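This is target30.cif. It holds mmCIF, C-alpha atoms.
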data_entry
loop_
_atom_site.group_PDB
_atom_site.id
_atom_site.type_symbol
_atom_site.label_atom_id
_atom_site.label_comp_id
_atom_site.auth_asym_id
_atom_site.auth_seq_id
_atom_site.Cartn_x
_atom_site.Cartn_y
_atom_site.Cartn_z
ATOM 1 C CA MET A 1 0.000 0.000 0.000
ATOM 2 C CA LYS A 2 2.967 2.288 0.634
ATOM 3 C CA ARG A 3 3.896 2.393 -3.042
ATOM 4 C CA LEU A 4 0.296 3.018 -3.966
ATOM 5 C CA SER A 5 -0.025 5.870 -1.488
ATOM 6 C CA VAL A 6 2.970 7.474 -3.136
ATOM 7 C CA LEU A 7 1.339 7.103 -6.550
ATOM 8 C CA PHE A 8 -1.805 8.815 -5.318
ATOM 9 C CA TYR A 9 0.235 11.548 -3.658
ATOM 10 C CA LEU A 10 2.172 12.196 -6.868
ATOM 11 C CA LEU A 11 -1.113 12.334 -8.749
ATOM 12 C CA PHE A 12 -2.467 14.861 -6.278
ATOM 13 C CA LEU A 13 0.660 17.007 -6.468
ATOM 14 C CA THR A 14 0.517 17.021 -10.244
ATOM 15 C CA VAL A 15 -2.986 18.417 -10.056
ATOM 16 C CA ALA A 16 -2.455 20.753 -7.111
ATOM 17 C CA CYS A 17 0.647 22.368 -8.567
ATOM 18 C CA ALA A 18 -1.095 23.421 -11.762
ATOM 19 C CA GLN A 19 -1.050 27.210 -11.884
ATOM 20 C CA ASN A 20 -4.095 29.429 -12.450
ATOM 21 C CA LYS A 21 -6.557 26.550 -12.437
ATOM 22 C CA SER A 22 -9.949 26.563 -10.801
ATOM 23 C CA ALA A 23 -11.071 23.804 -8.463
ATOM 24 C CA ILE A 24 -13.236 22.487 -11.292
ATOM 25 C CA ASP A 25 -10.327 22.344 -13.749
ATOM 26 C CA MET A 26 -8.127 20.687 -11.142
ATOM 27 C CA THR A 27 -10.793 18.086 -10.479
ATOM 28 C CA ILE A 28 -11.252 17.348 -14.186
ATOM 29 C CA ASP A 29 -7.505 16.789 -14.501
ATOM 30 C CA PHE A 30 -7.536 14.592 -11.399
ATOM 31 C CA GLN A 31 -10.300 12.408 -12.791
ATOM 32 C CA LYS A 32 -8.622 12.050 -16.181
ATOM 33 C CA ASN A 33 -5.303 11.125 -14.598
ATOM 34 C CA LEU A 34 -6.908 8.652 -12.219
ATOM 35 C CA ASN A 35 -8.720 6.858 -15.047
ATOM 36 C CA LYS A 36 -5.492 6.805 -17.033
ATOM 37 C CA GLU A 37 -3.681 5.191 -14.109
ATOM 38 C CA PHE A 38 -6.390 2.548 -13.744
ATOM 39 C CA LYS A 39 -6.251 1.660 -17.443
ATOM 40 C CA ASP A 40 -2.476 1.190 -17.405
ATOM 41 C CA PRO A 41 -1.468 -2.352 -16.374
ATOM 42 C CA LYS A 42 1.758 -0.949 -14.890
ATOM 43 C CA THR A 43 -0.040 1.296 -12.390
ATOM 44 C CA SER A 44 -3.563 -0.090 -12.066
ATOM 45 C CA PRO A 45 -4.684 -1.663 -8.773
ATOM 46 C CA LEU A 46 -7.244 -3.727 -10.676
ATOM 47 C CA PRO A 47 -6.735 -7.456 -11.282
ATOM 48 C CA LYS A 48 -5.514 -8.170 -14.792
ATOM 49 C CA ASP A 49 -8.844 -9.478 -16.035
ATOM 50 C CA ALA A 50 -10.645 -6.382 -14.711
ATOM 51 C CA ILE A 51 -8.248 -3.981 -16.463
ATOM 52 C CA LYS A 52 -9.410 -5.301 -19.834
ATOM 53 C CA LYS A 53 -13.026 -4.471 -18.965
ATOM 54 C CA PHE A 54 -12.322 -1.122 -17.280
ATOM 55 C CA THR A 55 -14.042 1.851 -18.912
ATOM 56 C CA GLY A 56 -13.704 4.447 -16.167
ATOM 57 C CA LEU A 57 -14.429 5.168 -12.520
ATOM 58 C CA ALA A 58 -17.749 6.590 -11.373
ATOM 59 C CA PHE A 59 -17.512 10.099 -9.900
ATOM 60 C CA PHE A 60 -20.036 12.299 -8.188
ATOM 61 C CA PRO A 61 -20.772 15.444 -10.235
ATOM 62 C CA ILE A 62 -18.112 18.077 -9.607
ATOM 63 C CA ASP A 63 -19.487 20.509 -7.052
ATOM 64 C CA GLU A 64 -17.696 23.641 -5.855
ATOM 65 C CA ASN A 65 -19.787 23.548 -2.677
ATOM 66 C CA PHE A 66 -17.477 20.740 -1.583
ATOM 67 C CA VAL A 67 -14.398 22.946 -1.886
ATOM 68 C CA VAL A 68 -14.010 24.504 1.556
ATOM 69 C CA GLN A 69 -11.412 26.429 3.509
ATOM 70 C CA ALA A 70 -10.355 24.830 6.776
ATOM 71 C CA LYS A 71 -8.413 26.211 9.703
ATOM 72 C CA LEU A 72 -5.509 23.992 10.721
ATOM 73 C CA THR A 73 -4.721 23.688 14.410
ATOM 74 C CA ARG A 74 -1.408 21.868 14.761
ATOM 75 C CA THR A 75 -0.971 19.245 17.499
ATOM 76 C CA PRO A 76 2.814 18.848 17.813
ATOM 77 C CA ASP A 77 2.753 16.897 21.100
ATOM 78 C CA THR A 78 0.748 13.897 19.890
ATOM 79 C CA GLN A 79 2.381 10.478 20.063
ATOM 80 C CA PRO A 80 2.893 8.089 17.129
ATOM 81 C CA PHE A 81 0.415 5.224 16.904
ATOM 82 C CA GLU A 82 -0.368 2.139 14.869
ATOM 83 C CA MET A 83 -3.184 2.866 12.442
ATOM 84 C CA PRO A 84 -5.552 -0.076 11.876
ATOM 85 C CA THR A 85 -5.824 -1.321 8.316
ATOM 86 C CA THR A 86 -7.906 -3.837 6.395
ATOM 87 C CA THR A 87 -5.169 -6.429 7.077
ATOM 88 C CA ALA A 88 -2.834 -7.204 9.975
ATOM 89 C CA ARG A 89 -0.456 -4.463 8.773
ATOM 90 C CA LYS A 90 -0.276 -1.494 11.163
ATOM 91 C CA PRO A 91 1.714 1.442 9.732
ATOM 92 C CA ILE A 92 2.913 4.134 12.107
ATOM 93 C CA TYR A 93 1.177 7.481 11.866
ATOM 94 C CA LYS A 94 1.119 10.636 13.912
ATOM 95 C CA LYS A 95 -1.720 13.102 14.221
ATOM 96 C CA TYR A 96 -0.529 16.379 12.714
ATOM 97 C CA GLY A 97 -3.490 18.553 13.594
ATOM 98 C CA ASP A 98 -7.197 19.295 13.532
ATOM 99 C CA LEU A 99 -9.040 20.731 10.552
ATOM 100 C CA HIS A 100 -11.972 23.009 11.383
ATOM 101 C CA PHE A 101 -14.413 23.878 8.597
ATOM 102 C CA GLU A 102 -18.067 24.452 7.743
ATOM 103 C CA LEU A 103 -20.061 22.472 5.204
ATOM 104 C CA ASN A 104 -23.769 22.652 4.475
ATOM 105 C CA GLY A 105 -24.146 25.092 7.357
ATOM 106 C CA THR A 106 -22.593 22.750 9.917
ATOM 107 C CA SER A 107 -19.196 22.960 11.624
ATOM 108 C CA PHE A 108 -16.903 19.931 11.538
ATOM 109 C CA THR A 109 -13.508 18.992 12.925
ATOM 110 C CA LEU A 110 -11.373 16.239 11.405
ATOM 111 C CA SER A 111 -7.990 14.840 12.363
ATOM 112 C CA VAL A 112 -5.232 14.923 9.753
ATOM 113 C CA PHE A 113 -2.236 12.604 9.910
ATOM 114 C CA GLN A 114 1.302 11.972 8.719
ATOM 115 C CA ASN A 115 2.741 8.605 7.752
ATOM 116 C CA LEU A 116 6.050 8.590 9.639
ATOM 117 C CA GLU A 117 7.764 6.351 7.100
ATOM 118 C CA LEU A 118 6.612 8.328 4.077
ATOM 119 C CA ILE A 119 7.660 11.736 5.418
ATOM 120 C CA GLN A 120 11.241 10.514 5.708
ATOM 121 C CA LYS A 121 11.433 10.813 1.937
ATOM 122 C CA PRO A 122 12.359 14.386 0.914
ATOM 123 C CA ASP A 123 9.629 14.623 -1.716
ATOM 124 C CA TYR A 124 6.930 13.740 0.804
ATOM 125 C CA LYS A 125 8.075 15.471 3.977
ATOM 126 C CA ASN A 126 5.105 17.861 3.792
ATOM 127 C CA SER A 127 2.460 15.249 2.981
ATOM 128 C CA LEU A 128 -0.723 14.969 5.041
ATOM 129 C CA PHE A 129 -3.292 12.184 5.025
ATOM 130 C CA LEU A 130 -7.017 12.732 5.604
ATOM 131 C CA PRO A 131 -9.125 9.537 5.809
ATOM 132 C CA PHE A 132 -12.855 10.025 6.389
ATOM 133 C CA THR A 133 -16.313 8.525 6.254
ATOM 134 C CA ASP A 134 -19.626 10.317 5.706
ATOM 135 C CA LEU A 135 -23.324 9.654 5.177
ATOM 136 C CA THR A 136 -22.691 8.368 1.642
ATOM 137 C CA SER A 137 -20.341 5.650 2.976
ATOM 138 C CA GLY A 138 -21.859 2.265 2.253
ATOM 139 C CA VAL A 139 -24.588 3.858 0.127
ATOM 140 C CA SER A 140 -23.144 5.597 -2.929
ATOM 141 C CA SER A 141 -19.500 5.642 -1.823
ATOM 142 C CA TYR A 142 -17.275 2.904 -0.422
ATOM 143 C CA GLY A 143 -18.416 1.803 3.033
ATOM 144 C CA GLY A 144 -14.886 1.806 4.416
ATOM 145 C CA GLY A 145 -14.384 5.502 3.703
ATOM 146 C CA ARG A 146 -12.284 7.569 1.359
ATOM 147 C CA TYR A 147 -9.047 9.570 1.438
ATOM 148 C CA LEU A 148 -7.780 13.053 0.662
ATOM 149 C CA ASP A 149 -4.074 13.796 0.149
ATOM 150 C CA LEU A 150 -2.958 17.210 1.372
ATOM 151 C CA GLU A 151 0.198 19.243 1.891
ATOM 152 C CA ILE A 152 1.251 21.156 4.990
ATOM 153 C CA PRO A 153 0.298 24.792 4.347
ATOM 154 C CA THR A 154 2.550 27.736 5.092
ATOM 155 C CA THR A 155 -0.286 29.332 7.091
ATOM 156 C CA ASP A 156 -3.078 27.975 9.277
ATOM 157 C CA GLU A 157 -5.457 27.799 6.295
ATOM 158 C CA ILE A 158 -5.842 24.780 4.036
ATOM 159 C CA THR A 159 -8.188 24.006 1.150
ATOM 160 C CA LEU A 160 -10.227 20.809 1.293
ATOM 161 C CA ASN A 161 -11.445 19.847 -2.164
ATOM 162 C CA PHE A 162 -13.633 16.817 -1.565
ATOM 163 C CA ASN A 163 -13.994 16.426 -5.335
ATOM 164 C CA LEU A 164 -10.515 14.888 -5.086
ATOM 165 C CA ALA A 165 -11.597 12.242 -2.567
ATOM 166 C CA TYR A 166 -10.553 8.780 -3.725
ATOM 167 C CA ASN A 167 -11.089 5.172 -2.688
ATOM 168 C CA PRO A 168 -8.443 3.037 -1.016
ATOM 169 C CA TYR A 169 -6.985 0.415 -3.331
ATOM 170 C CA CYS A 170 -8.515 -2.454 -1.348
ATOM 171 C CA VAL A 171 -11.839 -1.450 -2.939
ATOM 172 C CA TYR A 172 -10.486 -2.716 -6.247
ATOM 173 C CA ASN A 173 -8.302 -5.608 -5.141
ATOM 174 C CA HIS A 174 -8.325 -7.456 -1.815
ATOM 175 C CA LYS A 175 -4.572 -8.006 -1.903
ATOM 176 C CA TYR A 176 -3.993 -4.413 -0.753
ATOM 177 C CA SER A 177 -3.841 -3.189 2.818
ATOM 178 C CA CYS A 178 -5.613 0.115 3.470
ATOM 179 C CA PRO A 179 -5.841 2.395 6.525
ATOM 180 C CA ILE A 180 -9.269 2.492 8.174
ATOM 181 C CA PRO A 181 -10.597 6.014 8.883
ATOM 182 C CA PRO A 182 -10.897 6.650 12.641
ATOM 183 C CA GLU A 183 -14.335 7.190 14.164
ATOM 184 C CA GLU A 184 -13.449 10.821 14.882
ATOM 185 C CA ASN A 185 -13.291 11.454 11.129
ATOM 186 C CA PHE A 186 -16.929 10.701 10.449
ATOM 187 C CA ILE A 187 -18.590 13.652 8.672
ATOM 188 C CA ASN A 188 -22.264 13.721 9.576
ATOM 189 C CA THR A 189 -23.440 14.885 6.159
ATOM 190 C CA GLU A 190 -23.411 13.551 2.616
ATOM 191 C CA ILE A 191 -20.133 14.222 0.810
ATOM 192 C CA LYS A 192 -21.453 13.799 -2.722
ATOM 193 C CA ALA A 193 -18.086 14.537 -4.283
ATOM 194 C CA GLY A 194 -15.109 12.545 -5.443
ATOM 195 C CA VAL A 195 -14.952 8.868 -6.405
ATOM 196 C CA MET A 196 -18.073 6.773 -5.928
ATOM 197 C CA ASP A 197 -18.221 3.121 -4.917
ATOM 198 C CA PHE A 198 -16.839 0.598 -7.383
ATOM 199 C CA LYS A 199 -19.139 -2.081 -8.696
#

Final structure tokens representation of the file:
Amino acid sequence: MKRLSVLFYLLFLTVACAQNKSAIDMTIDFQKNLNKEFKDPKTSPLPKDAIKKFTGLAFFPIDENFVVQAKLTRTPDTQPFEMPTTTARKPIYKKYGDLHFELNGTSFTLSVFQNLELIQKPDYKNSLFLPFTDLTSGVSSYGGGRYLDLEIPTTDEITLNFNLAYNPYCVYNHKYSCPIPPEENFINTEIKAGVMDFK
């Protein structure tokens, strides 16, 4: 899963670093690149027989209402912990901070994390990991939750574009091990943005 997380992070950075692009344009690029990755046997998480039949992922309609500004409160004194996954693997993470934002008229707070092994690599030292579940989980999106890849901001403000939310690879192939979103990261509203469940 580590290699796959890196692939997703690179994909996110490619999109996020595009200059003068709106959230909609960034999301369109993200979706195109993600489908391209899934069609390529060298990078696809799909089993070989499924790659031949793959025609594209299902996405919620792009919605700028799911692009929100969050305030980051850093939590530097938190201790590393083993994050549960869909297998016996337990990678070491550390909570980096809390994200405070409003969506659909309601205030939410989510925990954002760092993978302590990944941030040892120079290219990923500023990477942040946001796993979450919401009221679409198990209905129109994957029941085990979805992920957002972020970067440490230079200020205490960070953009959350839920149109870039993606499924863990274990949705597509049971051989992968995927972090399970903590209970504290349940969003009590429907996040109808990003990748939908895979059938």

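Reported to one decimal place, the separation of atom CA of Gly145 of chain A from atom CA of Asn167 of chain A is 7.2 Å.
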
Hey, what comes out of the PyMOL selection byres ((chain A and resi 99) around 8) on this file? Could you write it as a ChimeraX atom specification?
-> /A:70-73,97-98,100-101,108-112

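Atom CA of Asn115 of chain A lies 7.5 Å from atom CA of Phe129 of chain A.
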
Atom-to-atom span, atom CA of Ile24 of chain A and atom CA of Tyr166 of chain A, Å |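 Separation between atom CA of Ile24 of chain A and atom CA of Tyr166 of chain A: 15.9 Å.
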
Run through the PyMOL selection byres ((chain A and resi 162) around 10) on the given coordinates and return the selected residues as an MDAnalysis selection string.
-> chainID A and resid 27 62:68 146:148 159:161 163:166 191:195

Using the chain letters and numbers from the file, give me the residues hit by the PyMOL selection byres ((chain A and resi 45) around 10), as a ChimeraX atom specification.
-> /A:4,37-44,46-48,50-51,168-176

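Nearest residue to Leu135 of chain A among A:Ile187, A:Met83, A:Ile119, A:Met26 is A:Ile187, counting all atoms listed in the file.
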
Kindly indicate which residue among A:Pro61, A:Pro84, A:Gly56, A:Pro181 lies nearest to Tyr142 of chain A, using only C-alpha atoms for the distances.
->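 Between A:Pro61, A:Pro84, A:Gly56, A:Pro181, the residue approaching Tyr142 of chain A most closely is A:Pro181.
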
Do you know which residues are at most 6 Å from Leu128 of chain A counting only C-alpha atoms, after dropping those on the same chain fewer than 5 positions away, and could you put them as a PyMOL selection string?
-> chain A and resi 113-114+150-151

Could the residues in this selection be saved with C-alpha atoms as an mmCIF file, keeping the file's coordinate frame?
data_model
loop_
_atom_site.group_PDB
_atom_site.id
_atom_site.type_symbol
_atom_site.label_atom_id
_atom_site.label_comp_id
_atom_site.auth_asym_id
_atom_site.auth_seq_id
_atom_site.Cartn_x
_atom_site.Cartn_y
_atom_site.Cartn_z
ATOM 1 C CA PHE A 113 -2.236 12.604 9.910
ATOM 2 C CA GLN A 114 1.302 11.972 8.719
ATOM 3 C CA LEU A 150 -2.958 17.210 1.372
ATOM 4 C CA GLU A 151 0.198 19.243 1.891
#

Non-local contacts of Ser140 of chain A (8 Å; all atoms listed in the file; under 3 positions in same chain excluded) as an mmCIF file with C-alpha atoms, in the frame of the given file:
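Listed below is the output, out-v5.cif:
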data_model
loop_
_atom_site.group_PDB
_atom_site.id
_atom_site.type_symbol
_atom_site.label_atom_id
_atom_site.label_comp_id
_atom_site.auth_asym_id
_atom_site.auth_seq_id
_atom_site.Cartn_x
_atom_site.Cartn_y
_atom_site.Cartn_z
ATOM 1 C CA THR A 136 -22.691 8.368 1.642
ATOM 2 C CA SER A 137 -20.341 5.650 2.976
ATOM 3 C CA MET A 196 -18.073 6.773 -5.928
ATOM 4 C CA ASP A 197 -18.221 3.121 -4.917
#

Selected residue, from A:Lys199, A:Glu82, A:Thr106, A:Thr87, that lies nearest to Val139 of chain A when counting only C-alpha atoms = A:Lys199

Using only C-alpha atoms, find the one residue out of A:Asn185, A:Arg74, A:Asn104, A:Glu190 that sits nearest to Pro153 of chain A.
-> A:Arg74
